[in-house]
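The structure file data-v3.pdb is reproduced below (PDB, C-alpha atoms and all ligand atoms).
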```
ATOM      1  CA  MET A 279     106.790 147.739  73.992
ATOM      2  CA  SER A 280     109.778 147.901  71.647
ATOM      3  CA  LYS A 281     110.379 144.987  69.295
ATOM      4  CA  SER A 282     113.737 143.451  68.419
ATOM      5  CA  LEU A 283     113.742 144.724  64.809
ATOM      6  CA  ASP A 284     111.949 148.064  65.166
ATOM      7  CA  GLY A 285     113.061 150.474  62.429
ATOM      8  CA  LYS A 286     114.889 147.801  60.421
ATOM      9  CA  THR A 287     114.305 146.847  56.813
ATOM     10  CA  ALA A 288     114.533 143.288  55.497
ATOM     11  CA  LEU A 289     114.542 141.585  52.107
ATOM     12  CA  VAL A 290     113.382 137.954  52.064
ATOM     13  CA  THR A 291     113.659 136.110  48.742
ATOM     14  CA  GLY A 292     110.986 133.499  48.080
ATOM     15  CA  GLY A 293     108.617 134.938  50.666
ATOM     16  CA  SER A 294     105.437 133.860  48.932
ATOM     17  CA  ARG A 295     105.233 130.391  50.491
ATOM     18  CA  GLY A 296     106.758 127.968  52.977
ATOM     19  CA  ILE A 297     109.795 128.869  55.033
ATOM     20  CA  GLY A 298     110.224 132.276  53.346
ATOM     21  CA  ARG A 299     106.651 133.212  54.214
ATOM     22  CA  SER A 300     107.228 132.290  57.834
ATOM     23  CA  ILE A 301     110.485 134.278  57.941
ATOM     24  CA  ALA A 302     108.804 137.325  56.386
ATOM     25  CA  GLU A 303     105.950 137.153  58.906
ATOM     26  CA  ARG A 304     108.301 136.689  61.849
ATOM     27  CA  LEU A 305     110.648 139.555  60.900
ATOM     28  CA  ALA A 306     107.617 141.813  60.394
ATOM     29  CA  LYS A 307     106.241 140.751  63.786
ATOM     30  CA  GLU A 308     109.569 141.833  65.295
ATOM     31  CA  GLY A 309     109.059 145.289  63.765
ATOM     32  CA  ALA A 310     110.986 145.157  60.466
ATOM     33  CA  MET A 311     109.564 146.506  57.211
ATOM     34  CA  VAL A 312     109.761 143.433  54.970
ATOM     35  CA  ALA A 313     110.191 143.286  51.205
ATOM     36  CA  LEU A 314     109.435 139.765  50.054
ATOM     37  CA  THR A 315     109.999 138.362  46.592
ATOM     38  CA  TYR A 316     107.949 135.910  44.598
ATOM     39  CA  ASN A 317     108.268 134.253  41.232
ATOM     40  CA  ALA A 318     105.196 132.196  40.247
ATOM     41  CA  SER A 319     103.067 132.805  43.354
ATOM     42  CA  LYS A 320     101.861 136.409  42.996
ATOM     43  CA  ALA A 321      98.624 135.647  44.841
ATOM     44  CA  GLY A 322     100.591 133.901  47.596
ATOM     45  CA  ALA A 323     102.858 136.937  47.989
ATOM     46  CA  GLU A 324      99.852 139.268  48.155
ATOM     47  CA  GLU A 325      98.306 137.021  50.808
ATOM     48  CA  VAL A 326     101.507 137.202  52.890
ATOM     49  CA  VAL A 327     101.592 141.008  52.641
ATOM     50  CA  ALA A 328      97.921 141.169  53.655
ATOM     51  CA  ALA A 329      98.516 138.827  56.614
ATOM     52  CA  ILE A 330     101.479 140.911  57.797
ATOM     53  CA  GLU A 331      99.521 144.157  57.506
ATOM     54  CA  LYS A 332      96.526 142.623  59.288
ATOM     55  CA  ALA A 333      98.844 141.727  62.166
ATOM     56  CA  GLY A 334     100.026 145.369  62.328
ATOM     57  CA  GLY A 335     103.273 144.980  60.376
ATOM     58  CA  SER A 336     104.634 146.490  57.149
ATOM     59  CA  ALA A 337     105.487 144.578  54.007
ATOM     60  CA  PHE A 338     105.416 144.716  50.243
ATOM     61  CA  ALA A 339     106.055 142.182  47.468
ATOM     62  CA  LEU A 340     108.378 142.354  44.457
ATOM     63  CA  HIS A 341     108.651 139.985  41.512
ATOM     64  CA  ALA A 342     111.944 138.293  40.623
ATOM     65  CA  ASP A 343     112.705 135.051  38.823
ATOM     66  CA  LEU A 344     116.017 134.281  40.465
ATOM     67  CA  ALA A 345     116.848 131.595  37.894
ATOM     68  CA  ASP A 346     117.581 134.613  35.670
ATOM     69  CA  ALA A 347     120.635 136.611  36.800
ATOM     70  CA  ARG A 348     119.363 139.666  34.911
ATOM     71  CA  ALA A 349     116.382 139.847  37.255
ATOM     72  CA  ILE A 350     118.583 140.788  40.210
ATOM     73  CA  PRO A 351     119.601 144.377  39.310
ATOM     74  CA  ALA A 352     115.973 145.025  38.348
ATOM     75  CA  LEU A 353     114.818 143.660  41.704
ATOM     76  CA  PHE A 354     117.096 146.089  43.562
ATOM     77  CA  GLU A 355     115.979 149.034  41.440
ATOM     78  CA  ALA A 356     112.388 148.232  42.391
ATOM     79  CA  LEU A 357     113.420 147.768  46.031
ATOM     80  CA  ASP A 358     115.116 151.200  46.062
ATOM     81  CA  ILE A 359     111.957 152.839  44.747
ATOM     82  CA  GLU A 360     109.671 151.131  47.258
ATOM     83  CA  LEU A 361     111.946 151.713  50.258
ATOM     84  CA  GLY A 362     112.483 155.309  49.171
ATOM     85  CA  LYS A 363     108.710 155.874  49.092
ATOM     86  CA  ARG A 364     108.050 154.141  52.393
ATOM     87  CA  LYS A 365     111.149 154.977  54.455
ATOM     88  CA  GLY A 366     112.859 157.848  52.593
ATOM     89  CA  SER A 367     116.012 155.731  52.284
ATOM     90  CA  LYS A 368     117.121 152.670  50.327
ATOM     91  CA  ALA A 369     119.088 151.281  53.286
ATOM     92  CA  LEU A 370     118.665 147.585  53.942
ATOM     93  CA  ASP A 371     119.480 145.972  57.311
ATOM     94  CA  ILE A 372     118.661 142.290  56.838
ATOM     95  CA  LEU A 373     118.978 140.113  53.743
ATOM     96  CA  VAL A 374     117.586 136.570  53.777
ATOM     97  CA  ASN A 375     118.503 134.441  50.758
ATOM     98  CA  ASN A 376     115.746 131.844  51.003
ATOM     99  CA  ALA A 377     114.257 131.235  47.532
ATOM    100  CA  GLY A 378     114.652 127.694  46.285
ATOM    101  CA  ASN A 379     113.174 125.830  43.378
ATOM    102  CA  SER A 380     111.671 122.533  44.346
ATOM    103  CA  GLY A 381     113.684 120.421  41.906
ATOM    104  CA  TRP A 382     116.008 117.901  43.487
ATOM    105  CA  GLY A 383     118.287 116.507  40.767
ATOM    106  CA  GLY A 384     119.274 112.836  40.769
ATOM    107  CA  LEU A 385     122.436 111.494  39.149
ATOM    108  CA  SER A 386     120.752 109.447  36.435
ATOM    109  CA  ASP A 387     118.046 111.894  35.333
ATOM    110  CA  ALA A 388     119.965 115.187  35.572
ATOM    111  CA  THR A 389     120.724 117.224  32.478
ATOM    112  CA  PRO A 390     123.160 120.124  32.109
ATOM    113  CA  GLU A 391     120.084 122.377  31.942
ATOM    114  CA  SER A 392     118.521 121.052  35.174
ATOM    115  CA  TRP A 393     121.954 121.293  36.875
ATOM    116  CA  ASP A 394     122.302 124.920  35.728
ATOM    117  CA  THR A 395     118.822 125.875  36.964
ATOM    118  CA  MET A 396     119.415 124.329  40.382
ATOM    119  CA  PHE A 397     122.690 126.159  40.758
ATOM    120  CA  ALA A 398     121.253 129.388  39.347
ATOM    121  CA  VAL A 399     118.612 129.596  42.067
ATOM    122  CA  HIS A 400     120.415 128.072  45.062
ATOM    123  CA  ALA A 401     124.011 129.243  44.499
ATOM    124  CA  ARG A 402     124.329 131.942  41.819
ATOM    125  CA  ALA A 403     121.334 134.024  42.904
ATOM    126  CA  PRO A 404     122.427 134.426  46.567
ATOM    127  CA  PHE A 405     125.892 135.522  45.342
ATOM    128  CA  PHE A 406     124.577 138.204  42.996
ATOM    129  CA  VAL A 407     121.805 139.261  45.382
ATOM    130  CA  VAL A 408     124.522 139.972  47.949
ATOM    131  CA  GLN A 409     126.592 141.790  45.310
ATOM    132  CA  SER A 410     123.640 144.088  44.560
ATOM    133  CA  ALA A 411     122.736 144.430  48.241
ATOM    134  CA  LEU A 412     126.211 145.523  49.381
ATOM    135  CA  SER A 413     125.872 149.216  48.553
ATOM    136  CA  ARG A 414     122.468 149.268  50.290
ATOM    137  CA  LEU A 415     123.311 147.130  53.321
ATOM    138  CA  SER A 416     123.869 149.042  56.560
ATOM    139  CA  ASP A 417     127.038 148.514  58.568
ATOM    140  CA  GLY A 418     126.048 146.127  61.365
ATOM    141  CA  GLY A 419     123.590 144.456  59.006
ATOM    142  CA  ARG A 420     122.761 140.795  58.598
ATOM    143  CA  ILE A 421     122.953 138.270  55.776
ATOM    144  CA  ILE A 422     121.239 134.938  56.384
ATOM    145  CA  ASN A 423     121.382 132.194  53.764
ATOM    146  CA  ILE A 424     118.837 129.389  53.964
ATOM    147  CA  SER A 425     120.910 126.318  53.276
ATOM    148  CA  SER A 426     120.079 122.677  54.115
ATOM    149  CA  GLY A 427     121.424 119.951  56.343
ATOM    150  CA  LEU A 428     122.215 118.231  53.045
ATOM    151  CA  GLY A 429     124.864 120.882  52.345
ATOM    152  CA  THR A 430     127.157 119.148  54.838
ATOM    153  CA  ARG A 431     125.681 115.603  54.848
ATOM    154  CA  PRO A 432     124.520 114.888  51.290
ATOM    155  CA  LEU A 433     121.793 112.420  50.389
ATOM    156  CA  PRO A 434     122.917 110.332  47.407
ATOM    157  CA  ALA A 435     119.445 110.703  45.846
ATOM    158  CA  VAL A 436     119.804 114.490  45.435
ATOM    159  CA  PRO A 437     123.455 115.285  44.677
ATOM    160  CA  ILE A 438     122.878 118.503  42.721
ATOM    161  CA  TYR A 439     120.736 120.093  45.421
ATOM    162  CA  ALA A 440     123.270 119.061  48.081
ATOM    163  CA  MET A 441     126.156 120.482  46.001
ATOM    164  CA  ALA A 442     124.328 123.779  45.581
ATOM    165  CA  LYS A 443     123.707 124.020  49.344
ATOM    166  CA  ALA A 444     127.375 123.210  50.023
ATOM    167  CA  ALA A 445     128.196 126.176  47.781
ATOM    168  CA  SER A 446     125.849 128.335  49.856
ATOM    169  CA  ASN A 447     127.643 127.267  53.059
ATOM    170  CA  ASN A 448     131.009 128.075  51.511
ATOM    171  CA  LEU A 449     129.752 131.479  50.364
ATOM    172  CA  THR A 450     128.545 132.126  53.915
ATOM    173  CA  HIS A 451     132.081 131.692  55.240
ATOM    174  CA  ALA A 452     133.679 133.795  52.517
ATOM    175  CA  LEU A 453     131.197 136.642  52.980
ATOM    176  CA  ALA A 454     131.574 136.606  56.760
ATOM    177  CA  MET A 455     135.309 137.187  56.386
ATOM    178  CA  GLU A 456     134.797 139.851  53.710
ATOM    179  CA  LEU A 457     132.097 141.809  55.549
ATOM    180  CA  GLY A 458     133.198 141.463  59.178
ATOM    181  CA  LYS A 459     135.050 144.771  58.930
ATOM    182  CA  ARG A 460     131.638 146.402  58.434
ATOM    183  CA  SER A 461     130.196 144.468  61.410
ATOM    184  CA  ILE A 462     127.879 142.658  59.018
ATOM    185  CA  THR A 463     127.265 139.103  60.186
ATOM    186  CA  VAL A 464     126.769 136.326  57.650
ATOM    187  CA  ASN A 465     125.294 132.992  58.666
ATOM    188  CA  ALA A 466     123.457 130.089  57.126
ATOM    189  CA  VAL A 467     120.464 128.357  58.648
ATOM    190  CA  ALA A 468     120.279 124.750  57.505
ATOM    191  CA  PRO A 469     116.807 123.258  57.893
ATOM    192  CA  GLY A 470     116.143 119.554  58.001
ATOM    193  CA  TRP A 471     112.830 118.152  56.757
ATOM    194  CA  THR A 472     110.371 121.011  57.147
ATOM    195  CA  ARG A 473     106.666 120.869  56.346
ATOM    196  CA  THR A 474     106.356 122.865  53.071
ATOM    197  CA  ASP A 475     105.283 122.356  49.456
ATOM    198  CA  MET A 476     108.869 121.401  48.670
ATOM    199  CA  ASN A 477     108.414 117.950  50.184
ATOM    200  CA  ALA A 478     104.627 117.519  49.856
ATOM    201  CA  ALA A 479     105.139 114.410  47.697
ATOM    202  CA  VAL A 480     107.552 112.900  50.229
ATOM    203  CA  ARG A 481     105.011 113.462  53.007
ATOM    204  CA  GLU A 482     102.416 111.481  51.036
ATOM    205  CA  ASN A 483     104.662 108.412  51.226
ATOM    206  CA  ALA A 484     104.024 106.804  54.624
ATOM    207  CA  ASP A 485     107.193 104.693  54.501
ATOM    208  CA  MET A 486     109.377 107.706  53.766
ATOM    209  CA  VAL A 487     107.728 109.721  56.530
ATOM    210  CA  LYS A 488     108.338 106.875  58.976
ATOM    211  CA  ALA A 489     111.988 106.618  57.934
ATOM    212  CA  ILE A 490     112.558 110.384  58.216
ATOM    213  CA  GLU A 491     110.880 110.548  61.624
ATOM    214  CA  ALA A 492     112.944 107.583  62.833
ATOM    215  CA  ASP A 493     116.105 109.368  61.640
ATOM    216  CA  THR A 494     115.216 112.598  63.487
ATOM    217  CA  ALA A 495     116.040 112.898  67.195
ATOM    218  CA  LEU A 496     112.882 114.897  67.883
ATOM    219  CA  GLY A 497     110.866 112.397  65.844
ATOM    220  CA  ARG A 498     108.936 114.651  63.460
ATOM    221  CA  PHE A 499     109.103 117.112  60.547
ATOM    222  CA  GLY A 500     109.898 120.716  61.459
ATOM    223  CA  GLU A 501     107.524 123.631  60.967
ATOM    224  CA  PRO A 502     108.496 126.738  58.932
ATOM    225  CA  SER A 503     108.074 128.871  62.065
ATOM    226  CA  GLU A 504     110.833 126.824  63.733
ATOM    227  CA  ILE A 505     113.262 127.928  61.017
ATOM    228  CA  ALA A 506     111.995 131.515  61.229
ATOM    229  CA  SER A 507     112.788 131.576  64.983
ATOM    230  CA  VAL A 508     116.470 130.919  64.286
ATOM    231  CA  VAL A 509     116.520 133.572  61.556
ATOM    232  CA  ALA A 510     114.880 136.089  63.913
ATOM    233  CA  PHE A 511     117.578 135.460  66.525
ATOM    234  CA  LEU A 512     120.399 135.916  64.005
ATOM    235  CA  ALA A 513     118.749 139.081  62.670
ATOM    236  CA  SER A 514     118.378 140.594  66.128
ATOM    237  CA  ASP A 515     120.963 142.415  68.216
ATOM    238  CA  GLU A 516     121.118 139.285  70.414
ATOM    239  CA  GLY A 517     122.761 137.477  67.485
ATOM    240  CA  ARG A 518     125.454 140.081  66.858
ATOM    241  CA  TRP A 519     128.424 137.896  67.913
ATOM    242  CA  VAL A 520     127.467 134.942  65.720
ATOM    243  CA  THR A 521     128.975 134.959  62.245
ATOM    244  CA  ALA A 522     130.301 132.501  59.647
ATOM    245  CA  GLN A 523     128.162 129.699  61.100
ATOM    246  CA  VAL A 524     125.988 127.097  59.449
ATOM    247  CA  ILE A 525     123.317 126.510  62.089
ATOM    248  CA  GLU A 526     121.357 123.340  61.529
ATOM    249  CA  ALA A 527     117.703 123.454  62.570
ATOM    250  CA  SER A 528     116.592 119.921  61.836
ATOM    251  CA  GLY A 529     115.373 118.437  65.107
ATOM    252  CA  GLY A 530     118.596 116.400  65.013
ATOM    253  CA  TYR A 531     118.498 114.675  61.604
ATOM    254  CA  LYS A 532     120.760 111.699  60.833
ATOM    255  CA  LEU A 533     122.796 111.936  64.015
TER     256      LEU A 533
HETATM  257  P1  LIG B 601     108.695 126.127  48.980
HETATM  258  O1  LIG B 601     107.602 126.032  49.977
HETATM  259  O2  LIG B 601     108.649 125.296  47.754
HETATM  260  O3  LIG B 601     108.886 127.683  48.593
HETATM  261  C1  LIG B 601     109.885 128.033  47.695
HETATM  262  C2  LIG B 601     109.964 129.544  47.599
HETATM  263  O4  LIG B 601     111.050 129.865  46.717
HETATM  264  C3  LIG B 601     108.701 130.147  47.013
HETATM  265  O5  LIG B 601     108.467 131.397  47.613
HETATM  266  C4  LIG B 601     109.056 130.317  45.540
HETATM  267  O6  LIG B 601     108.407 131.409  44.925
HETATM  268  C5  LIG B 601     110.546 130.633  45.637
HETATM  269  N1  LIG B 601     111.206 130.295  44.373
HETATM  270  C6  LIG B 601     111.313 129.081  43.804
HETATM  271  N2  LIG B 601     111.933 129.180  42.609
HETATM  272  C7  LIG B 601     112.203 130.488  42.432
HETATM  273  C8  LIG B 601     112.814 131.239  41.380
HETATM  274  N3  LIG B 601     113.261 130.663  40.262
HETATM  275  N4  LIG B 601     112.936 132.579  41.546
HETATM  276  C9  LIG B 601     112.469 133.171  42.659
HETATM  277  N5  LIG B 601     111.876 132.538  43.661
HETATM  278  C10 LIG B 601     111.742 131.203  43.546
HETATM  279  O7  LIG B 601     110.105 125.750  49.643
HETATM  280  P2  LIG B 601     110.623 125.869  51.140
HETATM  281  O8  LIG B 601     110.613 124.516  51.721
HETATM  282  O9  LIG B 601     109.955 126.986  51.851
HETATM  283  O10 LIG B 601     112.151 126.241  50.852
HETATM  284  C11 LIG B 601     112.718 127.492  51.209
HETATM  285  C12 LIG B 601     114.216 127.299  51.334
HETATM  286  O11 LIG B 601     114.485 126.346  52.380
HETATM  287  C13 LIG B 601     114.883 126.751  50.077
HETATM  288  O12 LIG B 601     116.125 127.375  49.866
HETATM  289  C14 LIG B 601     115.072 125.277  50.391
HETATM  290  O13 LIG B 601     116.131 124.709  49.674
HETATM  291  C15 LIG B 601     115.368 125.347  51.892
HETATM  292  N6  LIG B 601     115.140 124.083  52.595
HETATM  293  C16 LIG B 601     113.886 123.561  52.712
HETATM  294  C17 LIG B 601     113.730 122.368  53.396
HETATM  295  C18 LIG B 601     112.382 121.725  53.584
HETATM  296  O14 LIG B 601     112.325 120.573  54.085
HETATM  297  N7  LIG B 601     111.289 122.364  53.245
HETATM  298  C19 LIG B 601     114.830 121.703  53.956
HETATM  299  C20 LIG B 601     116.098 122.281  53.819
HETATM  300  C21 LIG B 601     116.235 123.470  53.134
HETATM  301  P3  LIG B 601     107.094 131.260  43.969
HETATM  302  O15 LIG B 601     106.197 130.248  44.606
HETATM  303  O16 LIG B 601     106.545 132.641  43.963
HETATM  304  O17 LIG B 601     107.598 130.822  42.621
END
```
Kindly return the structure encoded in the file as structure tokens.
Amino acid sequence: MSKSLDGKTALVTGGSRGIGRSIAERLAKEGAMVALTYNASKAGAEEVVAAIEKAGGSAFALHADLADARAIPALFEALDIELGKRKGSKALDILVNNAGNSGWGGLSDATPESWDTMFAVHARAPFFVVQSALSRLSDGGRIINISSGLGTRPLPAVPIYAMAKAASNNLTHALAMELGKRSITVNAVAPGWTRTDMNAAVRENADMVKAIEADTALGRFGEPSEIASVVAFLASDEGRWVTAQVIEASGGYKL
């Protein structure tokens, strides 16, 4: 039986854990060859590749510290080599900008350095990853930015993170207009509270969990696979008429 992404290639940043792992596994399940990046979690990335291959898919892992802009051209050089070896072409069909450092950034404890790092990973890296991807991206391709519900409805406790995600939403719109002439769609998926390492500490606080669940229409945290489902739709041919959208997948948070 044919799969929705048979023959496609995908790059997922931050695929070693959490939501990125789930996206990498889902795109591979749909038939794409997936390149996933990692920074600190080499073993995690290798485990994801092994899990994908065990399930009959194709994947490989590449290192990139996306807090460092100089890592991005090097990442694409490595991607070209690997795709060339495996597919005979460096063409990329799907780019998912997912990587995110787990810092949050409050008003009182922020420093210019912590502000810069947050923006480097969440806002600058997606911009320059797209810049490097453009010459490799197929016409009709897909760019999917993993944003956050906080990009449109900020939480006062984490203003820097929310600002960086607002930048990602704005970039999504700009890129959609720029790349529409090549039939490349550009969308953002904005998760709400999703069960990953990023909020492990929050989930240990029973009062916070209760408050978050009470503020969520569906009454619980989301699972990474529930974000990956939305990404898989946008990446597929079924999603071809959707562009320039920020699609919240939060179970209805803070309605
Ligand atoms: P996570 O479980 O903490 O995973 C973060 C991923 O990003 C890891 O693969 C990590 O790689 C990578 N990463 C972190 N810093 C990096 C850097 N400097 N360079 C390259 N890669 C880096 O987080 P997650 O919850 O899956 O988050 C994924 C995305 O969803 C993020 O953009 C986040 O903002 C967004 N999001 C998450 C939630 C949520 O509730 N979980 C809600 C809204 C939005 P290594 O481990 O290899 O370093």
Need the neighbours of (107.7, 132.2, 44.7): which residues are at most 12 Å away, counting only C-alpha atoms, as a PyMOL selection string?
chain A and resi 290-299+314-324+326+339-345+376-380+399+475-476
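Using only C-alpha atoms, the nearest neighbour of Ala306 of chain A within the list A:Ala513, A:Ala411, A:Ala454, A:Met441 is A:Ala513.
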Provide an axis-aligned box for all listed atoms of segment 498-502 of chain A, padding each side by 4 Å; report its centre and its edge lengths in Å to one decimal, as JSON.
```
{"center_x": 108.7, "center_y": 120.7, "center_z": 61.2, "size_x": 10.4, "size_y": 20.1, "size_z": 12.5}
```
Using only C-alpha atoms and all ligand atoms, the best pick from A:Thr450, A:Ser426, A:Ser367, A:Ser413 as closest to ligand LIG 601 (chain B) would be A:Ser426
Give me, as a PyMOL selection string, all polymer residues having an atom no more than 6 Å from segment 529-532 of chain A, counting all atoms listed in the file and skipping those fewer than 6 positions away in the same chain.
chain A and resi 493-496
For segment 394-465 of chain A versus segment 515-521 of chain A, which residues have an atom no more than 9 Å away, and what is each residue's nearest atom pair and distance in Å rounded to one decimal, using only C-alpha atoms, chain-then-number order, as a tab-separated table?
```
residue	atom	partner	partner_atom	distance
A:Gly418	CA	A:Arg518	CA	8.2
A:Arg420	CA	A:Arg518	CA	8.7
A:Thr450	CA	A:Thr521	CA	8.8
A:His451	CA	A:Thr521	CA	8.3
A:Ala454	CA	A:Thr521	CA	6.3
A:Met455	CA	A:Thr521	CA	8.9
A:Gly458	CA	A:Thr521	CA	8.3
A:Ser461	CA	A:Arg518	CA	8.5
A:Ile462	CA	A:Thr521	CA	8.4
A:Thr463	CA	A:Thr521	CA	4.9
A:Val464	CA	A:Thr521	CA	5.3
A:Asn465	CA	A:Thr521	CA	5.5
```
Would you fill out segment 465-483 of chain A with N, CA and C atoms and return it as a short mmCIF file (atom, residue, chain, number, x, y, z; two decimals), in the frame of the given file?
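Just written: out04.cif:
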```cif
data_model
loop_
_atom_site.label_atom_id
_atom_site.label_comp_id
_atom_site.auth_asym_id
_atom_site.auth_seq_id
_atom_site.Cartn_x
_atom_site.Cartn_y
_atom_site.Cartn_z
N ASN A 465 125.50 134.36 58.17
CA ASN A 465 125.29 132.99 58.67
C ASN A 465 124.36 132.24 57.72
N ALA A 466 124.42 130.93 57.85
CA ALA A 466 123.46 130.09 57.13
C ALA A 466 122.61 129.35 58.15
N VAL A 467 121.33 129.22 57.86
CA VAL A 467 120.46 128.36 58.65
C VAL A 467 120.16 127.15 57.76
N ALA A 468 120.42 125.97 58.30
CA ALA A 468 120.28 124.75 57.50
C ALA A 468 119.12 123.93 58.04
N PRO A 469 117.94 124.05 57.41
CA PRO A 469 116.81 123.26 57.89
C PRO A 469 116.99 121.78 57.57
N GLY A 470 116.34 120.95 58.38
CA GLY A 470 116.14 119.55 58.00
C GLY A 470 114.78 119.48 57.32
N TRP A 471 114.14 118.32 57.41
CA TRP A 471 112.83 118.15 56.76
C TRP A 471 111.81 119.08 57.42
N THR A 472 111.29 120.00 56.63
CA THR A 472 110.37 121.01 57.15
C THR A 472 109.09 120.96 56.32
N ARG A 473 107.97 121.08 57.00
CA ARG A 473 106.67 120.87 56.35
C ARG A 473 106.33 122.02 55.38
N THR A 474 106.70 121.86 54.10
CA THR A 474 106.36 122.86 53.07
C THR A 474 106.00 122.14 51.77
N ASP A 475 105.61 122.93 50.77
CA ASP A 475 105.28 122.36 49.46
C ASP A 475 106.47 121.58 48.88
N MET A 476 107.67 121.99 49.27
CA MET A 476 108.87 121.40 48.67
C MET A 476 108.92 119.88 48.86
N ASN A 477 108.36 119.40 49.96
CA ASN A 477 108.41 117.95 50.18
C ASN A 477 107.00 117.36 50.37
N ALA A 478 106.02 118.01 49.73
CA ALA A 478 104.63 117.52 49.86
C ALA A 478 104.53 116.07 49.36
N ALA A 479 105.22 115.77 48.26
CA ALA A 479 105.14 114.41 47.70
C ALA A 479 105.77 113.40 48.66
N VAL A 480 106.88 113.79 49.26
CA VAL A 480 107.55 112.90 50.23
C VAL A 480 106.61 112.61 51.39
N ARG A 481 105.88 113.63 51.84
CA ARG A 481 105.01 113.46 53.01
C ARG A 481 103.77 112.62 52.71
N GLU A 482 103.53 112.38 51.40
CA GLU A 482 102.42 111.48 51.04
C GLU A 482 102.84 110.02 51.08
N ASN A 483 104.14 109.78 51.21
CA ASN A 483 104.66 108.41 51.23
C ASN A 483 104.91 107.98 52.68
#
```
